[in-house]
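Asks: Structure incoming, see below.
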Amino acid sequence: MANLNLTAKKKHSYDAIVIGSGASGGWAAKELCDRGLKTLVLERGRGVKHIVDYPTASKAPWEFEYRGSVSVKDQEPYGFSKFMRAETLHWRLKEDEQPVVYEKPFRWYRGYHEGGKSLLWARQTQRWSDFDFEGPARDGFAVDWPIRYEDMAPWYDHVEKFAGICGFNDDLPELPNSIVQPGFELNCVEKHFKQAIESQYKDGRRLISGRAAHLTDPQQIHFDQGRGRCMSQRMCNRGCNYGGYFSSNASTLPWAAKTGNMTLRPDAVVHSIIYDDKKEKATGVRIVDANTREMLEFYAKVIFVNGSAINSNAILLNSTSDRFPNGLGNDSGVLGKYIAWHNYRGRASGRHTGFKDKRTAGGNPSHAYIPRFRNLHAHEMDFLRGYATGIGGGRGKHRSSEGIGDSLRDNLLKQEWGDWHLSAWMMGETIPVEENHIRLHEELKDKYGIPQIVFSCDWTENDDKMVEDFKQQIGEMFERAGCVDISVDDSHAAPGSDIHEMGGVRMGKDPKSSMLNAHHQLHACKNVFVTDGACMTSTSTQNPTLTYMAFSARAANFAADELKKRNL
Ligand SMILES: Cc1cc2nc3c(=O)[nH]c(=O)nc-3n(C[C@H](O)[C@H](O)[C@H](O)COP(=O)(O)OP(=O)(O)OC[C@H]3O[C@@H](n4cnc5c(N)ncnc54)[C@H](O)[C@@H]3O)c2cc1C
Ligand code: SF4
């Protein structure tokens with residue numbers, strides 16, 4: 001009998017386990033496999049193979065039953081939303097999959113399938129700088145990051161070369177240059193806006209083409225992944241048959257599979273991490289099989305937690321033992337606290353009556369970007385930190401849907417060009433505060449027997465002041481660029497609407513006030529690494545995923561080195 005158990009245990013044993021196959025987990029898996037480690041990737045959602053499982057990727061509008069609209073009946077299992085479309089319904093989460101408790105309003109957007117949200121993202125990839133890593137220490141909030149830009153620069157290079165980032169090198173201290181392929185050109189109204197801003201403001205504000213994870217000039221390393229050039233089709237969130245943008249499915253996961261070292265287990269809902277009090281380390285992971293509801297255990301020397309920020313918090317909180325009654329590694333008591341996100345509440349639009357000779361807005365799958373200009377070199381505002389701004393310009397056609405029969409048809413066919421328009425959205429940094437937290441509900445559980453997550457997060461006065469400044473500044477910039485019909489407002493959207501939730505397992509130098517050290521190891525359990533948004537000490541303004549990917553690659557290589565030295 002003992003032998004049988006040993007054989008079963010051996011069958012379930014690996015060098016490394018990665019929880020989650022999204023943007024960060026895919027990178028951890030690739031690097032660990034490249035280093036020769038037998039790696040098990042546990043993914044709670046279904047398997048999604050590149051190209052094969054993109055059912056709508058090349059469908060024309062008329063091939064959908066209601067031209068892409070979703071009937072009320074079909075919306076029901078997913079909850080109702082005006083944004084639901086048939087093109088992307090297969091990525092949506094059914095409401096009964098993971099009920100949660102919102103103590104205060106929060107919008108939690110999830111992608112539960114192989115590849116996670118790397119299939120859904122908008123692919124914006126700006127680097128962080130020391131304005132970000134030094135921010136908490138300089139401005140006196142949260143805790144100091146235990147790393148600086150120089151620790152990350154080689155890993156940004158590493159990730160950018162493999163993933164393929166397009167854009168331009170803008171030589172801005174607040175936005176270090178990237179390894180780029182040619183960027184997408186701004187259209188005429190965006191170029192005009194750029195010129196208006198850069199000539200009229202003397203505070204260094206710039207408008208650039210946002211860097212994005214698209215292949216505009218693929219290199220051998222991308223062909224080796226089976227990927228090709230982006231054709232600017234702009235249907236990325238259906239899955240791209242060309243592999244034109246970076247996703248785990250097109251890039252890191254097939255690469256890891258090719259090494260022969262990866263086992264990917266979909267439908268594996270991680271319940272908790274197993275901690276051995278005697279060995280003083282984590283020894284494995286408990287999962288609930290989503291189909292059979294059987295609880296199974298898998299074992300490994302190192303464990304990477306990459307379930308996306310909130311889930312990684314929840315998994316650690318649910319991993320209790322005699323040594324860690326309040327969650328794995330939670331000696332400091334900060335686990336689940338200091339949750340932060342990005343402030344996308346401010347938005348604006350305006351019309352420009354010029355450029356009538358120019359028709360096409362171009363097929364840019366990225367957009368224009370104004371890097372943060374507030375509180376950069378000095379603390380000049382009555383709020384902390386600042387905001388970047390996303391900008392999109394375009395020109396549409398008007399058509400009337402008046403009439404009936406022949407007159408309706410004639411009106412629909414008679415399209416007239418409208419004016420050029422500009423829109424803007426705020427991307428503000430939020431300050432992590434202790435009260436903004438998630439925790440596990442004491443009684444309510446989901447269908448897998450896992451405690452439900454309680455969200456208790458809210459805006460602060462700092463966020464409100466930042467929105468007011470954004471509104472004033474963007475309105476003025478639109479005015480100076482000669483826009484008319486300018487509309488500026490605060491959407492008052494719930495926290496989380498930006499889909500950049502972060503924190504709860506923050507990095508820091510002091511184990512008394514943080515969870516992770518400079519290598520993403522739990523201070524109190526060194527063979528567990530957290531490299532997704534949960535590890536973020538502060539949020540900066542840049543879209544965060546490039547940084548999670550670079551963190552994952554760096555930590556995975558560190559783990560492989562430590563294993564070799566027998567330190568783990
Ligand atoms: C519409 C949209 C636009 C976005 N645009 C951008 C952008 O332009 N730039 C940017 O930087 N970011 C953007 N993001 C955010 C970006 O997608 C995420 O930051 C990124 O995917 C996070 O990577 P991750 O690995 O932490 O999580 P994910 O990619 O979400 O992957 C997590 C994986 O873990 C799995 N998992 C969760 N819990 C468990 C469990 N208990 N057991 C097993 N598996 C589990 C999930 O199923 C999922 O596959 C956008 C997101 C969306 C939805
Ligand atoms: S824009 Fe590029 S990456 Fe997006 S779907 Fe088209 S070809 Fe693919």
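We name chains A, B, ... following the order of the structure tokens; residues begin at 1 in each chain, and ligands are numbered from 1 as shown.
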Could you give me, as a Markdown table, a per-residue list for chain A showing, wherever an atom lies at most 6 Å from an atom of ligand 1, the closest pair of atoms and their distance in Å to one decimal, using only C-alpha atoms and all ligand atoms and sorting by chain then residue number from low to high?
Replies:
| residue | atom | partner | partner_atom_place_in_ligand_line | distance |
| --- | --- | --- | --- | --- |
| A:Ile19 | CA | ligand 1 | 43 (C) | 5.3 |
| A:Gly20 | CA | ligand 1 | 34 (O) | 3.3 |
| A:Ser21 | CA | ligand 1 | 49 (O) | 4.8 |
| A:Gly22 | CA | ligand 1 | 31 (O) | 3.2 |
| A:Ala23 | CA | ligand 1 | 25 (O) | 4.0 |
| A:Ser24 | CA | ligand 1 | 25 (O) | 3.7 |
| A:Gly25 | CA | ligand 1 | 25 (O) | 5.1 |
| A:Leu42 | CA | ligand 1 | 43 (C) | 5.3 |
| A:Glu43 | CA | ligand 1 | 44 (N) | 3.8 |
| A:Arg44 | CA | ligand 1 | 43 (C) | 3.9 |
| A:Gly45 | CA | ligand 1 | 47 (O) | 4.9 |
| A:Gly111 | CA | ligand 1 | 30 (O) | 5.4 |
| A:Tyr112 | CA | ligand 1 | 47 (O) | 3.3 |
| A:His113 | CA | ligand 1 | 49 (O) | 4.9 |
| A:Glu114 | CA | ligand 1 | 49 (O) | 5.1 |
| A:Gly115 | CA | ligand 1 | 49 (O) | 5.1 |
| A:Gly116 | CA | ligand 1 | 49 (O) | 3.2 |
| A:Lys117 | CA | ligand 1 | 29 (O) | 3.8 |
| A:Ser118 | CA | ligand 1 | 21 (O) | 4.5 |
| A:Leu120 | CA | ligand 1 | 53 (C) | 5.0 |
| A:Trp121 | CA | ligand 1 | 4 (C) | 3.4 |
| A:Ala122 | CA | ligand 1 | 8 (O) | 3.5 |
| A:Arg123 | CA | ligand 1 | 8 (O) | 4.0 |
| A:Gln124 | CA | ligand 1 | 8 (O) | 3.7 |
| A:Thr125 | CA | ligand 1 | 11 (O) | 5.6 |
| A:Ala268 | CA | ligand 1 | 43 (C) | 5.7 |
| A:Val269 | CA | ligand 1 | 42 (N) | 3.9 |
| A:Val270 | CA | ligand 1 | 42 (N) | 3.6 |
| A:Asn306 | CA | ligand 1 | 25 (O) | 5.3 |
| A:Gly307 | CA | ligand 1 | 34 (O) | 3.5 |
| A:Ser308 | CA | ligand 1 | 26 (O) | 3.4 |
| A:Ala309 | CA | ligand 1 | 26 (O) | 5.8 |
| A:Asn311 | CA | ligand 1 | 38 (N) | 5.0 |
| A:Ile499 | CA | ligand 1 | 51 (C) | 5.3 |
| A:His500 | CA | ligand 1 | 15 (C) | 5.6 |
| A:Asp532 | CA | ligand 1 | 26 (O) | 4.3 |
| A:Gly533 | CA | ligand 1 | 26 (O) | 5.5 |
| A:Asn543 | CA | ligand 1 | 11 (O) | 3.8 |
| A:Pro544 | CA | ligand 1 | 11 (O) | 4.2 |
| A:Thr545 | CA | ligand 1 | 11 (O) | 3.6 |
| A:Leu546 | CA | ligand 1 | 11 (O) | 5.8 |
Asks: Produce as an NGL selection string the set of residues near ligand 2, where near means within 8 Å with only C-alpha atoms and all ligand atoms considered.
Replies: :A and (57 or 214-215 or 229-246 or 363-365)
Asks: Give me, please, the distance in Å between atom CA of A:Lys445 and atom CA of A:Asp267, quoted to one decimal.
Replies: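 We find that atom CA of A:Lys445 and atom CA of A:Asp267 lie 18.3 Å from each other.
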Asks: I need the strand (DSSP E or B) residues of stretch 248-382 of chain A per DSSP on the backbone, written as a ChimeraX atom specification.
Replies: /A:262-265,268-276,281-289,295-305,337-340,342-343,346-352,368-370
Asks: I need the residues of stretch 382-527 of chain A that end up classed as alpha helix (DSSP H) by DSSP on the backbone, written out as a compact mmCIF listing (two decimals) with C-alpha atoms, in the first residue's frame.
Replies:
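For reference, result.txt as written:
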# COMPACT_ATOMS: atom_id res chain seq x y z
CA ASP A 406 -37.08 51.61 -49.91
CA SER A 407 -36.49 54.92 -48.15
CA LEU A 408 -34.84 53.15 -45.20
CA ARG A 409 -32.58 51.21 -47.58
CA ASP A 410 -31.68 54.39 -49.46
CA ASN A 411 -30.91 56.23 -46.22
CA LEU A 412 -28.72 53.39 -44.95
CA LEU A 413 -26.78 53.27 -48.18
CA GLU A 461 -10.08 62.01 -1.72
CA ASN A 462 -6.78 61.86 -3.65
CA ASP A 463 -8.58 60.14 -6.54
CA ASP A 464 -11.35 62.76 -6.59
CA LYS A 465 -8.85 65.62 -6.72
CA MET A 466 -6.92 63.92 -9.52
CA VAL A 467 -10.09 63.50 -11.61
CA GLU A 468 -10.87 67.21 -11.22
CA ASP A 469 -7.38 68.14 -12.42
CA PHE A 470 -7.63 65.75 -15.37
CA LYS A 471 -10.97 67.25 -16.40
CA GLN A 472 -9.61 70.77 -16.25
CA GLN A 473 -6.39 69.89 -18.10
CA ILE A 474 -7.87 67.76 -20.87
CA GLY A 475 -10.64 70.30 -21.51
CA GLU A 476 -8.00 73.01 -21.87
CA MET A 477 -5.82 70.85 -24.15
CA PHE A 478 -8.79 70.08 -26.42
CA GLU A 479 -9.65 73.78 -26.52
CA ARG A 480 -6.08 74.77 -27.40
Asks: Out of A:Asp561, A:Ser497, A:Ser69, A:Ala553, which residue has the shortest atom-to-atom distance to A:Pro154 when counting only C-alpha atoms?
Replies: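 The answer is A:Ala553, which sits nearest to A:Pro154.
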